[in-house]
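Visitor: This is the content of coords-v1.csv (CSV, C-alpha atoms):
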```csv
chain,number,residue,atom,x,y,z
A,1,MET,CA,-14.0,-3.1,3.2
A,2,LYS,CA,-13.7,-2.9,-0.6
A,3,GLU,CA,-12.7,0.4,-2.3
A,4,LYS,CA,-15.7,1.7,-4.2
A,5,ILE,CA,-15.3,3.3,-7.6
A,6,LEU,CA,-17.8,5.4,-9.6
A,7,ILE,CA,-17.6,5.3,-13.4
A,8,ILE,CA,-19.3,8.2,-15.1
A,9,ASP,CA,-19.4,7.6,-18.9
A,10,ASP,CA,-22.1,7.4,-21.5
A,11,GLU,CA,-20.5,4.5,-23.4
A,12,GLU,CA,-22.3,1.5,-22.0
A,13,LEU,CA,-20.0,-1.1,-23.5
A,14,LEU,CA,-16.9,0.7,-22.1
A,15,VAL,CA,-18.6,0.9,-18.7
A,16,LYS,CA,-19.5,-2.7,-18.8
A,17,GLY,CA,-16.0,-3.9,-19.7
A,18,LEU,CA,-14.3,-1.6,-17.3
A,19,SER,CA,-16.6,-2.6,-14.4
A,20,HIS,CA,-15.9,-6.3,-15.1
A,21,SER,CA,-12.1,-5.6,-15.0
A,22,LEU,CA,-12.3,-3.6,-11.8
A,23,LYS,CA,-14.5,-6.2,-10.0
A,24,LYS,CA,-11.9,-8.8,-10.9
A,25,GLU,CA,-9.3,-6.7,-9.2
A,26,GLY,CA,-11.5,-6.6,-6.0
A,27,PHE,CA,-13.1,-3.2,-6.4
A,28,GLU,CA,-16.8,-2.4,-5.8
A,29,VAL,CA,-18.1,-0.6,-8.8
A,30,ASP,CA,-21.0,1.8,-9.4
A,31,SER,CA,-21.8,3.6,-12.7
A,32,ALA,CA,-23.7,6.6,-14.1
A,33,PHE,CA,-24.3,7.4,-17.7
A,34,ASP,CA,-24.7,11.2,-17.7
A,35,GLY,CA,-23.5,14.1,-15.6
A,36,GLU,CA,-26.7,14.6,-13.7
A,37,GLU,CA,-26.9,11.0,-12.6
A,38,GLY,CA,-23.2,11.1,-11.6
A,39,LEU,CA,-23.6,14.2,-9.5
A,40,GLU,CA,-26.6,12.7,-7.7
A,41,LYS,CA,-24.7,9.5,-6.9
A,42,ILE,CA,-21.7,11.4,-5.6
A,43,LYS,CA,-24.0,13.4,-3.3
A,44,ALA,CA,-25.6,10.3,-2.0
A,45,ASN,CA,-22.7,7.9,-1.7
A,46,PRO,CA,-19.1,7.9,-0.5
A,47,TYR,CA,-16.6,6.8,-3.2
A,48,SER,CA,-12.9,6.1,-3.0
A,49,LEU,CA,-12.3,7.3,-6.6
A,50,VAL,CA,-14.3,8.7,-9.6
A,51,ILE,CA,-13.5,7.9,-13.2
A,52,LEU,CA,-15.0,10.7,-15.2
A,53,ASP,CA,-15.5,11.1,-19.0
A,54,LEU,CA,-15.0,14.5,-20.5
A,55,MET,CA,-17.9,14.3,-23.0
A,56,LEU,CA,-21.1,13.6,-21.1
A,57,PRO,CA,-24.8,14.5,-21.7
A,58,LYS,CA,-26.7,16.9,-19.4
A,59,ILE,CA,-23.6,18.0,-17.5
A,60,ASP,CA,-20.2,17.8,-19.3
A,61,GLY,CA,-17.2,16.4,-17.6
A,62,MET,CA,-15.4,19.7,-17.0
A,63,THR,CA,-18.4,21.3,-15.3
A,64,LEU,CA,-19.1,18.1,-13.3
A,65,CYS,CA,-15.5,18.0,-12.1
A,66,LYS,CA,-15.7,21.6,-10.9
A,67,LYS,CA,-19.0,20.8,-9.1
A,68,ILE,CA,-17.5,17.8,-7.4
A,69,ARG,CA,-14.5,19.8,-6.3
A,70,GLU,CA,-16.8,22.4,-4.6
A,71,LYS,CA,-17.9,19.7,-2.1
A,72,SER,CA,-15.4,16.8,-2.2
A,73,SER,CA,-11.7,16.0,-2.5
A,74,VAL,CA,-12.4,12.5,-3.9
A,75,PRO,CA,-9.7,11.5,-6.4
A,76,ILE,CA,-10.8,12.0,-10.0
A,77,ILE,CA,-9.3,10.4,-13.1
A,78,MET,CA,-10.7,12.0,-16.2
A,79,LEU,CA,-11.1,10.2,-19.5
A,80,THR,CA,-11.0,12.1,-22.8
A,81,ALA,CA,-11.3,11.0,-26.5
A,82,LYS,CA,-9.4,14.1,-27.4
A,83,GLY,CA,-5.6,14.3,-27.6
A,84,ASP,CA,-5.4,18.1,-27.2
A,85,ASP,CA,-3.2,19.1,-24.3
A,86,VAL,CA,-5.5,22.1,-23.6
A,87,ASP,CA,-8.3,19.7,-22.6
A,88,LYS,CA,-5.9,17.8,-20.3
A,89,ILE,CA,-4.6,21.0,-18.6
A,90,LEU,CA,-8.1,22.3,-18.2
A,91,GLY,CA,-9.1,19.1,-16.6
A,92,LEU,CA,-6.3,19.5,-14.1
A,93,GLU,CA,-7.2,23.1,-13.6
A,94,TYR,CA,-10.8,22.1,-12.6
A,95,GLY,CA,-9.6,19.6,-10.1
A,96,ALA,CA,-8.9,16.3,-11.8
A,97,ASP,CA,-6.0,14.3,-10.3
A,98,ASP,CA,-5.1,12.6,-13.5
A,99,TYR,CA,-6.3,12.0,-17.1
A,100,LEU,CA,-6.2,9.2,-19.7
A,101,THR,CA,-6.8,9.6,-23.4
A,102,LYS,CA,-9.2,7.1,-25.1
A,103,PRO,CA,-8.6,4.5,-26.3
A,104,PHE,CA,-6.6,3.4,-23.3
A,105,ASN,CA,-5.1,0.2,-21.9
A,106,THR,CA,-7.3,-1.1,-19.0
A,107,LYS,CA,-4.2,-2.3,-17.2
A,108,GLU,CA,-2.7,1.1,-17.2
A,109,LEU,CA,-5.9,2.7,-15.8
A,110,ILE,CA,-6.0,0.1,-13.1
A,111,ALA,CA,-2.4,0.7,-12.2
A,112,ARG,CA,-3.1,4.4,-11.9
A,113,ILE,CA,-6.2,3.8,-9.8
A,114,LYS,CA,-4.2,1.6,-7.4
A,115,ALA,CA,-1.4,4.2,-7.2
A,116,VAL,CA,-3.9,6.9,-6.1
A,117,LEU,CA,-5.6,4.6,-3.6
A,118,ARG,CA,-2.3,3.5,-2.1
A,119,ARG,CA,-1.3,7.1,-1.5
A,120,THR,CA,-4.8,7.9,-0.1
A,121,GLY,CA,-4.6,5.1,2.4
A,122,LYS,CA,-1.1,5.8,3.7
A,123,GLY,CA,-0.5,7.7,6.9
A,124,LEU,CA,2.6,8.5,8.8
A,125,GLY,CA,0.7,9.2,12.0
A,126,ASN,CA,2.2,12.6,12.7
A,127,GLU,CA,1.5,16.3,12.1
A,128,ILE,CA,3.6,19.0,10.6
A,129,GLU,CA,3.2,22.7,11.6
A,130,CYS,CA,4.8,25.6,9.8
A,131,LYS,CA,3.8,29.2,10.5
A,132,ASP,CA,0.0,29.2,10.2
A,133,LEU,CA,-0.1,25.9,8.3
A,134,LYS,CA,-0.8,22.4,9.8
A,135,ILE,CA,-0.5,19.2,7.7
A,136,ILE,CA,-2.1,16.1,9.4
A,137,LEU,CA,-0.5,13.2,7.5
A,138,ASN,CA,-2.5,10.3,8.9
A,139,ASN,CA,-5.8,12.0,8.1
A,140,ARG,CA,-4.6,13.7,4.9
A,141,LYS,CA,-5.8,17.1,6.1
A,142,VAL,CA,-4.4,20.6,5.6
A,143,ILE,CA,-5.4,23.4,7.9
A,144,HIS,CA,-4.5,27.0,7.4
A,145,ARG,CA,-5.3,29.4,10.2
A,146,GLY,CA,-7.9,27.0,11.6
A,147,LYS,CA,-9.6,26.5,8.3
A,148,ASN,CA,-9.7,23.1,6.6
A,149,ILE,CA,-8.3,23.4,3.1
A,150,GLU,CA,-9.7,21.0,0.5
A,151,LEU,CA,-6.9,19.5,-1.6
A,152,THR,CA,-7.1,16.8,-4.3
A,153,ALA,CA,-5.2,13.6,-3.7
A,154,LYS,CA,-2.2,14.7,-5.7
A,155,GLU,CA,-2.2,18.2,-4.3
A,156,PHE,CA,-2.0,16.7,-0.8
A,157,ASP,CA,0.7,14.2,-1.9
A,158,ILE,CA,2.8,17.1,-3.3
A,159,ILE,CA,2.6,19.3,-0.2
A,160,ALA,CA,3.1,16.3,2.2
A,161,LEU,CA,6.2,15.2,0.3
A,162,LEU,CA,7.8,18.6,0.3
A,163,ALA,CA,6.9,19.4,3.9
A,164,THR,CA,8.4,16.1,5.2
A,165,HIS,CA,11.7,17.1,3.4
A,166,PRO,CA,11.9,20.8,4.0
A,167,GLY,CA,14.6,22.6,2.0
A,168,LYS,CA,15.1,19.7,-0.4
A,169,ILE,CA,14.6,20.7,-4.0
A,170,TYR,CA,12.6,18.4,-6.2
A,171,THR,CA,12.6,18.8,-9.9
A,172,ARG,CA,9.4,18.6,-11.9
A,173,GLU,CA,10.6,15.2,-13.2
A,174,ASN,CA,11.2,14.0,-9.6
A,175,LEU,CA,7.7,15.0,-8.6
A,176,LEU,CA,6.2,13.3,-11.5
A,177,ASP,CA,8.0,10.1,-10.7
A,178,LEU,CA,7.3,10.2,-6.9
A,179,ILE,CA,3.7,11.5,-6.9
A,180,TRP,CA,2.2,10.0,-10.0
A,181,GLY,CA,3.8,6.7,-9.2
A,182,TYR,CA,4.0,5.2,-12.7
A,183,GLU,CA,5.8,5.9,-16.0
A,184,TYR,CA,4.4,9.2,-17.0
A,185,TYR,CA,4.4,10.5,-20.6
A,186,GLY,CA,2.7,13.8,-20.0
A,187,ASP,CA,4.1,17.3,-19.9
A,188,VAL,CA,5.9,18.5,-16.8
A,189,ARG,CA,3.6,21.5,-16.8
A,190,THR,CA,1.2,19.1,-15.0
A,191,VAL,CA,3.4,19.7,-11.8
A,192,ASP,CA,3.2,23.5,-12.3
A,193,VAL,CA,-0.6,23.4,-12.5
A,194,HIS,CA,-0.9,21.4,-9.3
A,195,VAL,CA,1.6,23.7,-7.4
A,196,ARG,CA,-0.3,26.8,-8.6
A,197,ARG,CA,-3.6,25.3,-7.3
A,198,ILE,CA,-2.0,24.5,-3.9
A,199,ARG,CA,-0.6,28.0,-3.6
A,200,GLU,CA,-4.0,29.6,-4.4
A,201,LYS,CA,-5.5,27.6,-1.5
A,202,ILE,CA,-2.9,28.0,1.2
A,203,GLU,CA,-0.9,31.2,0.4
A,204,ASP,CA,-2.0,34.7,1.4
A,205,ASN,CA,-0.3,35.9,-1.7
A,206,PRO,CA,0.3,33.1,-4.2
A,207,SER,CA,2.7,35.3,-6.2
A,208,ASP,CA,4.9,35.6,-3.1
A,209,PRO,CA,4.6,32.1,-1.5
A,210,LYS,CA,5.8,31.3,2.0
A,211,TYR,CA,5.4,27.5,1.9
A,212,ILE,CA,6.0,26.0,-1.5
A,213,MET,CA,9.0,27.8,-2.9
A,214,THR,CA,10.4,27.8,-6.4
A,215,LYS,CA,14.1,27.3,-7.1
A,216,TRP,CA,14.2,28.9,-10.5
A,217,GLY,CA,15.4,26.7,-13.3
A,218,VAL,CA,15.4,23.7,-10.9
A,219,GLY,CA,12.1,22.9,-9.2
A,220,TYR,CA,10.2,23.3,-5.9
A,221,TYR,CA,10.9,23.0,-2.2
A,222,PHE,CA,9.2,23.6,1.2
A,223,GLY,CA,10.3,26.8,2.8
A,224,GLY,CA,10.5,27.8,6.4
A,225,THR,CA,11.1,25.8,9.6
A,226,ARG,CA,8.5,23.3,10.8
A,227,ASP,CA,7.7,21.2,13.9
A,228,VAL,CA,6.8,17.6,13.6
A,229,TYR,CA,4.5,15.9,16.2
```
Could I get this structure in the form of structure tokens?
Guide:
Amino acid sequence: MKEKILIIDDEELLVKGLSHSLKKEGFEVDSAFDGEEGLEKIKANPYSLVILDLMLPKIDGMTLCKKIREKSSVPIIMLTAKGDDVDKILGLEYGADDYLTKPFNTKELIARIKAVLRRTGKGLGNEIECKDLKIILNNRKVIHRGKNIELTAKEFDIIALLATHPGKIYTRENLLDLIWGYEYYGDVRTVDVHVRRIREKIEDNPSDPKYIMTKWGVGYYFGGTRDVY
């Protein structure tokens, strides 16, 4: 079955060109031209990935991203015409998995889409348990004290990588290379944003974490012992 991508952007020529390129790559493509239409389509259809423009009529991209994250962990790549790092960081804070600044190279966007979908489709067929946390790798699920935790694609990739290599310290640069899966020119603060979001979801006290630990001046590692099934 083809992977289905939703493009939410009010620039009709961009949507038309991008849809054509994605279809040539074998994707099924749907589109929406404002935030309200995009939200309705996400409620009614399962998508493999959403490409979301920041500047949208009716519901802006930031607000829409937040609304999507309240109900879904579908991967989101945000498009912005602005070069301001604040907008990019805010997009990540609201749950976007990645961002790309307009104008962009279509081949680069497609490479990023494929990297996300490869990670989403991979499963090692085992479970990791540590304290009150369970990570089900093949189903890409995280359960804390019996409660399903909604993580974005990159948030899951980070915790899965760290948990499968407990005690191994990964620098921010390591994580960018391994998780993002392409040559990344952004700020390493991107990693900190994602780690902070994960901690807020799985830690009883995010300022005193028990799972994703910080090695000051170096990077992050998974703390504690764990069982693998």
Visitor: Can you pull out every residue within 7 Å of region 158-166 of chain A, counting only C-alpha atoms, but drop anything in the same chain fewer than 3 positions away, and send it as a PyMOL selection string?
Guide: chain A and resi 154-155+179+221-223
Visitor: Compute the distance from (-14.7, 17.7, -17.3) to each atom, counting all atoms listed in the file, keep the residues with any atom at most 9 Å away, and return them as a PyMOL selection string; use the coordinates of the file.
Guide: chain A and resi 52-56+59-66+78-80+87+90-91+94+96
Visitor: Can you tell me how far CA of Lys141 (chain A) sits from CA of Lys23 (chain A), in Å to one decimal?
Guide: 29.6 Å
Visitor: Record the distance separating CA of Leu49 (chain A) and CA of Glu108 (chain A), expressed in Å with one decimal.
Guide: 15.6 Å
Visitor: When you draw a straight line from CA of Leu6 (chain A) to CA of Arg197 (chain A), how long is it in Å?
Guide: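 Separation of CA of Leu6 (chain A) and CA of Arg197 (chain A): 24.6 Å.
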Visitor: Excluding Ile42 (chain A) and any residue of its chain fewer than 3 positions from it, enumerate the residues within 10 Å of it, using all atoms listed in the file, and give them as a count of residues only.
Guide: 13
Visitor: Rank A:Pro75, A:Pro206, A:Gly219, A:Gly35 by their smallest atom-to-atom distance to Asp192 (chain A), using only C-alpha atoms, and report the top residue only.
Guide: A:Gly219
Visitor: Do a neighbour search on Lys2 (chain A) at 7 Å with only C-alpha atoms, toss out local chain neighbours closer than 6 positions, and write the hits as a list in words.
Guide: Gly26, Phe27 and Glu28 of chain A
Visitor: Kindly export the residues of the current selection with C-alpha atoms, as a PDB file, keeping the file's coordinate frame.
Guide:
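Final file, result-v1.pdb:
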```
ATOM      1  CA  GLY A  26     -11.500  -6.600  -6.000  1.00  0.00           C
ATOM      2  CA  PHE A  27     -13.100  -3.200  -6.400  1.00  0.00           C
ATOM      3  CA  GLU A  28     -16.800  -2.400  -5.800  1.00  0.00           C
TER       4      GLU A  28
END
```
